[in-house]
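Undergrad: Just dropping this structure here.
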Amino acid sequence: MRIYLYVCCIYNSSLSIPRMVLLNYLAATDCRSRLRAALVLSTPWNVFVSSASLEQPVNYLLFNRPLTSTIRNTVQKYRDIIGKVLDVDYVLQSGSIREFDERYTSVVFGYKSCDDYYHHASPDNKLRNIRTPVLCINAADDPFSPLQGIPLDEASANPHVALLILAHGGHIGFLEGLFPNHQSYIDRVFKQFSGAAFCHWEDLRQLQKINFQPKAEKP
């Protein structure tokens with residue numbers, strides 16, 4: 001029996017897309033024959049809440065504006081290609097991640113609106129469907145995933161989901177000590193989790209067989 005451990009801890013794109021994709025994939029797909037466990041770090045659970053957090057004055061200056069500038073530069077680099085389907089100058093006028101998603105992301109991927117895109121991208125409203133054991137680690141002070149957007153009740157109700165919320169850690173930080181130049185907290189957690197996943201694959205398979213009936217999605 002082969003064991004697959006998928007770890008999604010790389011920051012990529014405007015709102016931590018890979019981690020959200022993994023959770024949405026676990027919720028939408030019967031992965032029991034291939035995946036035994038998953039680990040996600042600093043996932044933005046509700047994109048509306050995350051977007052609002054990043055639009056707060058300090059977060060906008062520290063994170064939102066620099067990230068928007070980076071993705072605008074990427075569009076500028078490939079404007080000859082993108083310009084065949086979109087108004088590049090309009091996209092380059094985006095002053096925030098949400099404006100960029102309104103003018104580029106939601107359009108390119110065929111969503112009716114940015115709100116439609118954010119709703120489909122948010123894992124919080126699909127957490128009840130996950131059957132693969134997954135460890136989700138967040139920090140209460142993460143500006144990309146504020147505490148009020150983390151689905152505490154939904155995670156507690158699903159026996160396949162373990163949600164660990166640290167008081168500090170920011171966005172994929174989790175550093176330790178006054179001078180954090182050694183192994184971080186997350187390094188130890190990853191080592192322990194991956195070791196347990198590979199050593200106890202039979203227990204994980206039995207966990208996936210738990211007859212859990214999810215609640216209906218909130219309107």
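Letters A, B, ... mark the chains of the structure tokens in the order given; residue numbers begin at 1 per chain; ligand numbers begin at 1, in order shown.
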If we count only C-alpha atoms, what is near Ser94 in chain A at a cut-off of 10 Å, once residues fewer than 5 positions away on the same chain are taken out, given as a list of chain:residue names?

TA: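 Once the adjacent positions are removed, what remains is A:Arg65, A:Thr68, A:Ser69, A:Ile71, A:Arg72, A:Asp89, A:Glu99, A:Phe100, A:Asp101, A:Glu102, A:Arg103, A:Tyr104.
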
Undergrad: Would you save the residues from that selection as a compact mmCIF listing (two decimals), in the first residue's frame, using N, CA, C and O atoms?

TA:
# COMPACT_ATOMS: atom_id res chain seq x y z
N ARG A 65 -0.66 46.33 -0.75
CA ARG A 65 -0.08 47.14 -1.82
C ARG A 65 1.16 46.50 -2.44
O ARG A 65 1.27 46.44 -3.68
N THR A 68 0.03 43.52 -4.57
CA THR A 68 -0.64 43.99 -5.79
C THR A 68 0.38 44.49 -6.80
O THR A 68 0.25 44.24 -8.01
N SER A 69 1.38 45.20 -6.32
CA SER A 69 2.42 45.69 -7.21
C SER A 69 3.16 44.53 -7.88
O SER A 69 3.47 44.58 -9.08
N ILE A 71 2.01 41.43 -8.54
CA ILE A 71 1.21 40.75 -9.56
C ILE A 71 0.94 41.67 -10.75
O ILE A 71 0.80 41.19 -11.88
N ARG A 72 0.92 42.98 -10.53
CA ARG A 72 0.80 43.91 -11.66
C ARG A 72 2.04 43.83 -12.54
O ARG A 72 1.95 43.87 -13.78
N ASP A 89 -4.26 47.68 -19.52
CA ASP A 89 -4.13 48.96 -18.83
C ASP A 89 -5.13 49.07 -17.68
O ASP A 89 -4.82 49.61 -16.62
N GLU A 99 -9.27 44.42 -6.19
CA GLU A 99 -9.46 45.06 -7.50
C GLU A 99 -8.81 44.23 -8.60
O GLU A 99 -9.38 44.10 -9.70
N PHE A 100 -7.65 43.65 -8.31
CA PHE A 100 -7.00 42.80 -9.30
C PHE A 100 -7.85 41.56 -9.58
O PHE A 100 -8.02 41.16 -10.74
N ASP A 101 -8.41 40.98 -8.52
CA ASP A 101 -9.26 39.80 -8.70
C ASP A 101 -10.54 40.15 -9.46
O ASP A 101 -11.06 39.32 -10.22
N GLU A 102 -11.04 41.36 -9.27
CA GLU A 102 -12.24 41.79 -10.00
C GLU A 102 -11.94 41.97 -11.49
O GLU A 102 -12.76 41.62 -12.34
N ARG A 103 -10.77 42.49 -11.78
CA ARG A 103 -10.45 42.86 -13.16
C ARG A 103 -9.72 41.76 -13.94
O ARG A 103 -9.74 41.76 -15.17
N TYR A 104 -9.11 40.85 -13.21
CA TYR A 104 -8.32 39.82 -13.90
C TYR A 104 -8.73 38.40 -13.49
O TYR A 104 -9.25 37.65 -14.31

Undergrad: From a backbone DSSP assignment, name each residue in chain A labelled alpha helix (DSSP H), as a PDB file with C-alpha atoms, in the first residue's frame.

TA:
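What ended up in part_26.pdb:
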ATOM      1  CA  ILE A  17      -4.181  29.795  -3.473  1.00  0.00           C
ATOM      2  CA  PRO A  18      -2.452  26.363  -3.136  1.00  0.00           C
ATOM      3  CA  ARG A  19      -3.686  25.710   0.393  1.00  0.00           C
ATOM      4  CA  MET A  20      -7.236  26.662  -0.489  1.00  0.00           C
ATOM      5  CA  VAL A  21      -7.074  24.521  -3.623  1.00  0.00           C
ATOM      6  CA  LEU A  22      -5.985  21.502  -1.595  1.00  0.00           C
ATOM      7  CA  LEU A  23      -8.809  21.861   0.929  1.00  0.00           C
ATOM      8  CA  ASN A  24     -11.373  22.421  -1.815  1.00  0.00           C
ATOM      9  CA  TYR A  25      -9.993  19.370  -3.621  1.00  0.00           C
ATOM     10  CA  LEU A  26     -10.310  17.230  -0.499  1.00  0.00           C
ATOM     11  CA  ALA A  27     -13.894  18.399  -0.044  1.00  0.00           C
ATOM     12  CA  ALA A  28     -14.904  17.822  -3.656  1.00  0.00           C
ATOM     13  CA  VAL A  47     -11.670  34.943   1.327  1.00  0.00           C
ATOM     14  CA  PHE A  48     -14.128  37.753   2.054  1.00  0.00           C
ATOM     15  CA  VAL A  49     -12.800  38.047   5.615  1.00  0.00           C
ATOM     16  CA  SER A  50      -9.203  37.774   4.419  1.00  0.00           C
ATOM     17  CA  SER A  51      -9.724  40.444   1.781  1.00  0.00           C
ATOM     18  CA  ALA A  52     -11.300  42.810   4.305  1.00  0.00           C
ATOM     19  CA  SER A  53      -8.400  42.235   6.705  1.00  0.00           C
ATOM     20  CA  LEU A  54      -5.836  43.034   4.025  1.00  0.00           C
ATOM     21  CA  PRO A  57      -4.737  50.577   6.673  1.00  0.00           C
ATOM     22  CA  VAL A  58      -1.684  48.907   8.216  1.00  0.00           C
ATOM     23  CA  ASN A  59      -2.191  45.593   6.431  1.00  0.00           C
ATOM     24  CA  ARG A  65      -0.077  47.141  -1.821  1.00  0.00           C
ATOM     25  CA  PRO A  66       3.288  45.329  -2.244  1.00  0.00           C
ATOM     26  CA  LEU A  67       1.564  42.110  -3.350  1.00  0.00           C
ATOM     27  CA  THR A  68      -0.639  43.986  -5.787  1.00  0.00           C
ATOM     28  CA  SER A  69       2.425  45.689  -7.215  1.00  0.00           C
ATOM     29  CA  THR A  70       4.127  42.312  -7.678  1.00  0.00           C
ATOM     30  CA  ILE A  71       1.214  40.750  -9.561  1.00  0.00           C
ATOM     31  CA  ARG A  72       0.800  43.908 -11.660  1.00  0.00           C
ATOM     32  CA  ASN A  73       4.450  43.581 -12.679  1.00  0.00           C
ATOM     33  CA  THR A  74       3.769  39.994 -13.734  1.00  0.00           C
ATOM     34  CA  VAL A  75       0.850  41.128 -15.892  1.00  0.00           C
ATOM     35  CA  GLN A  76       3.027  43.851 -17.406  1.00  0.00           C
ATOM     36  CA  LYS A  77       5.687  41.264 -18.232  1.00  0.00           C
ATOM     37  CA  ARG A  79       0.983  42.018 -21.459  1.00  0.00           C
ATOM     38  CA  ASP A  80       1.360  40.999 -25.121  1.00  0.00           C
ATOM     39  CA  ILE A  81      -0.309  37.676 -24.343  1.00  0.00           C
ATOM     40  CA  ILE A  82      -2.814  38.886 -21.750  1.00  0.00           C
ATOM     41  CA  VAL A  88      -4.196  45.252 -19.643  1.00  0.00           C
ATOM     42  CA  ASP A  89      -4.129  48.959 -18.830  1.00  0.00           C
ATOM     43  CA  TYR A  90      -7.338  48.555 -16.821  1.00  0.00           C
ATOM     44  CA  VAL A  91      -5.872  45.602 -14.933  1.00  0.00           C
ATOM     45  CA  LEU A  92      -2.684  47.544 -14.204  1.00  0.00           C
ATOM     46  CA  ILE A  97      -5.731  42.479  -4.475  1.00  0.00           C
ATOM     47  CA  ARG A  98      -9.513  42.589  -4.613  1.00  0.00           C
ATOM     48  CA  GLU A  99      -9.457  45.056  -7.497  1.00  0.00           C
ATOM     49  CA  PHE A 100      -7.004  42.796  -9.301  1.00  0.00           C
ATOM     50  CA  SER A 106     -12.439  36.253 -11.771  1.00  0.00           C
ATOM     51  CA  VAL A 107     -12.652  37.202 -15.454  1.00  0.00           C
ATOM     52  CA  VAL A 108      -9.931  34.840 -16.656  1.00  0.00           C
ATOM     53  CA  CYS A 114     -15.379  38.586  -7.851  1.00  0.00           C
ATOM     54  CA  ASP A 115     -17.836  37.672  -5.078  1.00  0.00           C
ATOM     55  CA  ASP A 116     -18.692  34.480  -6.959  1.00  0.00           C
ATOM     56  CA  TYR A 117     -14.985  33.670  -7.228  1.00  0.00           C
ATOM     57  CA  TYR A 118     -14.379  34.355  -3.532  1.00  0.00           C
ATOM     58  CA  HIS A 119     -17.331  32.195  -2.504  1.00  0.00           C
ATOM     59  CA  HIS A 120     -16.115  29.231  -4.562  1.00  0.00           C
ATOM     60  CA  ALA A 121     -12.512  29.701  -3.409  1.00  0.00           C
ATOM     61  CA  LEU A 152     -14.058  26.670  14.491  1.00  0.00           C
ATOM     62  CA  ASP A 153     -17.454  25.007  14.869  1.00  0.00           C
ATOM     63  CA  GLU A 154     -17.293  23.260  11.492  1.00  0.00           C
ATOM     64  CA  ALA A 155     -13.812  21.906  12.192  1.00  0.00           C
ATOM     65  CA  SER A 156     -14.873  20.661  15.634  1.00  0.00           C
ATOM     66  CA  ALA A 157     -17.853  18.848  14.125  1.00  0.00           C
ATOM     67  CA  TYR A 185       7.875  25.105  15.589  1.00  0.00           C
ATOM     68  CA  ILE A 186       6.409  24.148  12.229  1.00  0.00           C
ATOM     69  CA  ASP A 187       9.520  22.100  11.377  1.00  0.00           C
ATOM     70  CA  ARG A 188       8.875  19.878  14.390  1.00  0.00           C
ATOM     71  CA  VAL A 189       5.156  19.627  13.690  1.00  0.00           C
ATOM     72  CA  PHE A 190       5.811  18.626  10.089  1.00  0.00           C
ATOM     73  CA  LYS A 191       8.320  15.981  11.131  1.00  0.00           C
ATOM     74  CA  GLN A 192       5.963  14.515  13.734  1.00  0.00           C
ATOM     75  CA  PHE A 193       2.905  14.645  11.479  1.00  0.00           C
ATOM     76  CA  SER A 194       4.561  13.131   8.431  1.00  0.00           C
ATOM     77  CA  GLY A 195       6.161  10.408  10.563  1.00  0.00           C
ATOM     78  CA  ALA A 196       2.802   9.542  12.127  1.00  0.00           C
ATOM     79  CA  ALA A 197       1.097   9.513   8.709  1.00  0.00           C
ATOM     80  CA  PHE A 198       3.586   7.030   7.305  1.00  0.00           C
ATOM     81  CA  CYS A 199       3.708   4.834  10.425  1.00  0.00           C
ATOM     82  CA  TRP A 201      -1.513   4.454   7.587  1.00  0.00           C
ATOM     83  CA  GLU A 202      -3.910   1.681   8.632  1.00  0.00           C
ATOM     84  CA  ASP A 203      -5.349   3.830  11.420  1.00  0.00           C
ATOM     85  CA  LEU A 204      -5.819   6.668   8.947  1.00  0.00           C
ATOM     86  CA  ARG A 205      -7.647   4.357   6.575  1.00  0.00           C
ATOM     87  CA  GLN A 206     -10.006   3.314   9.352  1.00  0.00           C
ATOM     88  CA  LEU A 207     -10.591   6.943  10.253  1.00  0.00           C
TER      89      LEU A 207
END

Undergrad: Using only C-alpha atoms for the distances, tell me which of A:Leu147, A:Val134, A:Ala37, A:Ala139 is nearest to Ala162 in chain A.

TA: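 When distances to Ala162 in chain A are compared using only C-alpha atoms, the smallest one comes from A:Val134.
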
Undergrad: Just want the 10 Å neighbourhood of His168 in chain A, counted on only C-alpha atoms, with same-chain residues fewer than 4 positions away dropped. Output as a PyMOL selection string.

TA: chain A and resi 138-142+173-176

Undergrad: Could you please take those selected residues and save C-alpha atoms as a CSV table (one decimal), in the first residue's frame?

TA:
chain,number,residue,atom,x,y,z
A,138,ASN,CA,-3.3,28.7,11.7
A,139,ALA,CA,-2.1,31.6,13.8
A,140,ALA,CA,-4.6,33.9,15.6
A,141,ASP,CA,-2.6,37.0,14.5
A,142,ASP,CA,-2.4,36.1,10.8
A,173,GLY,CA,6.0,32.4,10.3
A,174,PHE,CA,5.8,30.2,13.4
A,175,LEU,CA,9.3,31.3,14.5
A,176,GLU,CA,10.5,30.7,18.1

Undergrad: Which parts of range 135-205 of chain A does DSSP call strand (DSSP E) when run on the backbone here, written out as a VMD selection string?

TA: chain A and resid 135 to 139 161 to 166

Undergrad: One decimal, Å: what's the distance from CA of Pro133 in chain A over to CA of His200 in chain A, could you say?

TA: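 Those two atoms sit 12.0 Å apart.
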
Undergrad: So how far away is CA of Pro151 in chain A from CA of Thr105 in chain A, in Å?

TA: 25.1 Å

Undergrad: Would you mind reading off the distance between CA of Ser145 in chain A and CA of Gly177 in chain A, one decimal, in Å?

TA: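 So the answer is 23.3 Å.
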
Undergrad: Applying 8 Å and only C-alpha atoms, which residues near Lys126 in chain A remain after dropping the ones on its own chain fewer than 2 positions away? List them as an MDAnalysis selection string.

TA: chainID A and resid 24 27 122:124 128:130 217

Undergrad: Store the residues picked out above in a file with C-alpha atoms, as a PDB file, in the first residue's frame.

TA:
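Now in part.pdb:
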ATOM      1  CA  ASN A  24     -11.373  22.421  -1.815  1.00  0.00           C
ATOM      2  CA  ALA A  27     -13.894  18.399  -0.044  1.00  0.00           C
ATOM      3  CA  SER A 122     -13.323  29.799   0.320  1.00  0.00           C
ATOM      4  CA  PRO A 123     -12.817  26.394   1.979  1.00  0.00           C
ATOM      5  CA  ASP A 124     -14.874  27.213   5.085  1.00  0.00           C
ATOM      6  CA  ARG A 128     -18.025  19.474   6.278  1.00  0.00           C
ATOM      7  CA  ASN A 129     -17.359  17.356   3.130  1.00  0.00           C
ATOM      8  CA  ILE A 130     -13.726  16.481   3.870  1.00  0.00           C
ATOM      9  CA  GLU A 217     -24.417  24.245   3.739  1.00  0.00           C
TER      10      GLU A 217
END

Undergrad: Would you mind telling me which residue in A:Phe63, A:Phe109, A:Ile165, A:Ile150 lies nearest to Ser96 in chain A when using only C-alpha atoms?

TA: A:Phe63

Undergrad: Considering only C-alpha atoms, can you say which of A:Ser113, A:Leu61, A:Lys84, A:Arg131 comes closest to Arg36 in chain A?

TA: A:Arg131
